[in-house]
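Everything below concerns the one structure shown next.
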Amino acid sequence: MNTRSKTNEPTLPAGGWGSVKEVSTILLKQHVPVEGGALLLKQNKPDGFMCTSCAWAKPAHPHPAEFCESGAKATAWEITSKRVDPGFFARHTLRALESWHDHELEDAGRLTVPMRWDSALDRYVEIGWEQAFAEIGAKLKALDPKKVVFYSSGRASLETSYMYGLLARMYGNNNLPDSSNMCHESTSVGLQASLGVPVGTVQLDDFDKTDCILFFGQNVGVNSPRMLHQLQDVRKRGVPIVTFNPLRERGLVSFVNPQSPAEMLTGHETAISTQYHQLKAGGDGAAIMGICKAVIATDDAALASGGTRVLDAAFLAEHTHGFDTFAAKARATSWDEIEQESGLPRVQIEEAAREYMRAKACMIVYGMGITQHRNGVENVQMLVNLLLLRGNIGKPGAGICPVRGHSNVQGQRTVGISEKPELVPLDKLKEQYGFEPPRDKGMNTIEACEAIRDGTVEALVSLGGNLVRAVPDHGQMEQPWRDIPLTVHIATKLNRSHLVHGRDAYLLPCLGRIEIDRQRGGEQAVSMEDSTACMHGSRGRAEPAADTLLSEPAIVAGIAKALLAPNPRLDWDAWVADYGRIRDAIAETYPEIFHDFNARMWTPGGFRKPLAAAKRVWNTDTKKANFTTPAGLKADPDMPSHPDALRLFTVRSDGQFNTTIYSLEDRFRGTERRDVLFMAREDMDARGLADGDIVTASTAVDDGVARRVEALRVIEFPVPAGCVAGYYPELNPLIPLWHYAKESKVPAAKSVDIVIVKRGTPTDPARMH
């Protein structure tokens, strides 16, 4: 492996030949160049399968190749010809596998048979499906349901998610944490309080009607590359895109469309951002306040001079609450404070404000750079404040657009995967299935981790995901994880969570979404919800990796039948035979959203969930859209200050989707390794560091816990001064479990104070240890 550090930021565009090469390479490495190429033409098509990667919207009239580099990697990863069968575990103990890199573990291939951990051999050994279900059911029956956690990642279908939530509640708890808790729970909490809906209001058509887009904390080139088609079209219309992000991400700088022969031949690039503001990590709230201050000041001046107003006064009067209090706060906030906390000069913020004020319809797109902060909920609400000033909610071309990660993470919440009982129609479930649902609040992801750390969780059932790797404070969590009495994982591939397992552990391999799902009632299809609240059908097209695999619905049903008493109102076997019956049940539970579900699921472009705020109906406590007035602008007011601290924010590479590492290379940042820290030259000079030096990073807080990551290589990079970037999940050990967004408990991974010490120096924690 090439270990050379590269000091210059790469200037290659997103897309182009680099993307084509990446897709070709992974298809070859997974030994599926022909099959994979054919399947990709069915990806995100009305008669095909929905991508297993991101949740970006699927158009009614798709491109000939409606997939991106990330989506192609996800498909190749799933249909690989490589296998992890009983022979694999006969050759490798779990202790030996723990030394493998995360990339190597998943790259080993698809799991093929159900397995149980043999403690004497330290290996997973094959077990029959019925025996596995019987044993799991018997063990769960012996436990306190309130101490059992049912986690889910965001890939499971609407059908599976509905069944899984019902299983947990019939068992006796609302302990249904999911990956939303790790990323966009700040969105769900913030938007609900401000607008009365927990999701965004923008749909694909709005990109054709907008005349300004503001981007905050979202790396489109890696996390949702198909959006680049909409952004390129927007830019070709001359619409400005104003970006706020600590790093100059290539997808937000320029794009060469791989589906355009002319662009591929000429190398013509579309410049995506017309303004690019590299603010400090965590400085978004201050920057947004600065824009609001500039807009309000301009309106004040117009009022004083008798000029045309900038604010939408009629909208503010009819549709909003709390404007006067917020406006007073904006006027009173000094530019010195705004500049200090945002890391941007006033002139840049006012330049962005002028672009916003010129627009008749503006939308805001954002990601986890907004949500994963101590003030993550407030950050979301500040974005809403900015939009409300000029009536940019509930009109064409305007609105708020949170970009979700996992392909159905938003949909899971829609059909009941939630630890919050008030978000689920429990009375309807009681009527429908004749049981008394639990009414007490369940554990979210952070609360589940706290309970695992404290030794009070008796079992963890995981529907997908790699939770032990995804959570913060990894160094403090690993041993408690091994002390859980029972862990059960439903998965397609081997990952770290299957190695750091409970005292009793089962590994249940499932079909992937891309694979043909044959049941007693014939070939089945599933459905999911995208980031714009549209529901889509999905039909597998590839032959299953093994004839021993069961579908996710079949596995959930198998556990349910072994665990729960028979229910005359619920036939699990009938549901597995015909997923249309599950959809009928979903429609009965949620008629406003899912009426005529089976008839509508193949609607080109999907059918949309009703969103009151998009029609300027506000289901809030005031029955209006609410302005939120922040107490202050500090990104992390609760973190004790340290004189030598740098502000760490974690990032993902172009060879990665969440915890899945497709390759170690990050061509957009010019490195072929992941054990790195990206630093500004002035911060390196202040610490006597040269490019390529090896350092130890420690969390800059004294709470009695030593958190550090050793042997990190410094790479000089254009990062804002005082900030440092590094890869998720490798740097998760530096994030304290208690360091989360205050109202949503989303881990605050985008702003963590750390101290960096060169290896071998007298103050190096690794040396002293």
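By order of appearance in the structure tokens: chains A, B, ..., then residues from 1 within every chain, and ligands from 1 in the order shown.
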Per residue of region 381-463 of chain A within 12 Å of region 68-72 of chain A, record the nearest atom pair and its distance in Å to one decimal, counting only C-alpha atoms, with rows in chain order and ascending residue number, as CSV.
```
residue,atom,partner,partner_atom,distance
A:Gly405,CA,A:Ser70,CA,11.8
A:His406,CA,A:Gly71,CA,11.3
A:Ser407,CA,A:Gly71,CA,10.3
```
Based on the selection just made, write all heavy atoms of those residues as a PDB file, in the first residue's frame.
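Output file result.pdb is given in full below:
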```pdb
ATOM      1  N   GLY A 405     -29.237   9.576   4.838  1.00  0.00           N
ATOM      2  CA  GLY A 405     -28.180   8.658   4.451  1.00  0.00           C
ATOM      3  C   GLY A 405     -28.711   7.338   3.946  1.00  0.00           C
ATOM      4  O   GLY A 405     -28.968   7.151   2.760  1.00  0.00           O
ATOM      5  N   HIS A 406     -28.904   6.351   4.840  1.00  0.00           N
ATOM      6  CA  HIS A 406     -29.380   5.024   4.453  1.00  0.00           C
ATOM      7  C   HIS A 406     -30.620   5.104   3.582  1.00  0.00           C
ATOM      8  O   HIS A 406     -31.478   5.967   3.749  1.00  0.00           O
ATOM      9  CB  HIS A 406     -29.691   4.202   5.701  1.00  0.00           C
ATOM     10  CG  HIS A 406     -28.488   3.613   6.356  1.00  0.00           C
ATOM     11  ND1 HIS A 406     -27.614   2.768   5.710  1.00  0.00           N
ATOM     12  CD2 HIS A 406     -28.020   3.723   7.619  1.00  0.00           C
ATOM     13  CE1 HIS A 406     -26.671   2.397   6.547  1.00  0.00           C
ATOM     14  NE2 HIS A 406     -26.884   2.963   7.708  1.00  0.00           N
ATOM     15  N   SER A 407     -30.775   4.125   2.705  1.00  0.00           N
ATOM     16  CA  SER A 407     -31.777   4.178   1.646  1.00  0.00           C
ATOM     17  C   SER A 407     -33.212   4.143   2.126  1.00  0.00           C
ATOM     18  O   SER A 407     -34.110   4.503   1.379  1.00  0.00           O
ATOM     19  CB  SER A 407     -31.541   3.022   0.670  1.00  0.00           C
ATOM     20  OG  SER A 407     -31.560   1.790   1.366  1.00  0.00           O
TER      21      SER A 407
END
```
Note to self: Set the distance at 9 Å and use only C-alpha atoms: which residues neighbour region 294-303 of chain A once local chain neighbours fewer than 4 positions away are removed? I'd like the list as a PyMOL selection string.
What the structure shows: chain A and resi 289-290+307-311+327+330-331+349-350+353-354+356-357+386+389
Check: With only C-alpha atoms as the atoms that count, which of A:Leu143, A:Ala74, A:His31, A:Asp47 lies nearest to Ser663 (chain A)?
Finding: A:Ala74
Non-local contacts of region 89-102 of chain A (6 Å; only C-alpha atoms; under 5 positions in same chain excluded) as a compact mmCIF listing (two decimals) with N, CA, C and O atoms, in the first residue's frame:
```
# COMPACT_ATOMS: atom_id res chain seq x y z
N ASP A 122 -14.26 -20.61 19.54
CA ASP A 122 -14.20 -19.19 19.14
C ASP A 122 -14.45 -19.06 17.65
O ASP A 122 -13.75 -18.34 16.93
N ARG A 123 -15.47 -19.75 17.19
CA ARG A 123 -15.85 -19.71 15.78
C ARG A 123 -17.37 -19.71 15.68
O ARG A 123 -18.06 -20.24 16.55
N LEU A 499 -18.07 -9.66 15.44
CA LEU A 499 -16.88 -10.17 16.15
C LEU A 499 -16.89 -9.71 17.60
O LEU A 499 -16.46 -10.46 18.49
```
Extract, using only C-alpha atoms, all DNA, RNA and protein residues at most 7 Å from Thr696 (chain A), discarding same-chain residues fewer than 4 positions from it, and format them as a short mmCIF file (atom, residue, chain, number, x, y, z; two decimals) with N, CA and C atoms, in the first residue's frame.
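Final output, saved to result36.cif:
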```
data_model
loop_
_atom_site.label_atom_id
_atom_site.label_comp_id
_atom_site.auth_asym_id
_atom_site.auth_seq_id
_atom_site.Cartn_x
_atom_site.Cartn_y
_atom_site.Cartn_z
N ARG A 708 -8.16 8.20 23.26
CA ARG A 708 -7.12 8.58 22.31
C ARG A 708 -7.09 7.59 21.15
N VAL A 709 -6.55 8.07 20.04
CA VAL A 709 -6.27 7.24 18.87
C VAL A 709 -4.81 7.48 18.52
N GLU A 710 -4.06 6.41 18.43
CA GLU A 710 -2.62 6.51 18.22
C GLU A 710 -2.26 6.28 16.75
N ALA A 711 -1.03 6.63 16.43
CA ALA A 711 -0.43 6.36 15.12
C ALA A 711 -1.24 6.94 13.97
N LEU A 712 -1.63 8.19 14.11
CA LEU A 712 -2.30 8.90 13.03
C LEU A 712 -1.27 9.73 12.26
N ILE A 756 -3.39 17.19 19.97
CA ILE A 756 -2.52 16.38 19.11
C ILE A 756 -1.08 16.50 19.59
N VAL A 757 -0.43 15.35 19.76
CA VAL A 757 0.95 15.33 20.23
C VAL A 757 1.76 14.40 19.30
N LYS A 758 2.93 14.87 18.90
CA LYS A 758 3.79 14.08 18.03
C LYS A 758 4.26 12.83 18.76
N ARG A 759 4.29 11.72 18.05
CA ARG A 759 4.68 10.46 18.66
C ARG A 759 6.14 10.52 19.13
N ASP A 764 3.62 12.68 24.79
CA ASP A 764 2.82 11.73 24.01
C ASP A 764 2.12 10.75 24.95
N ALA A 766 0.62 8.01 24.34
CA ALA A 766 0.94 6.63 24.01
C ALA A 766 2.28 6.22 24.60
#
```
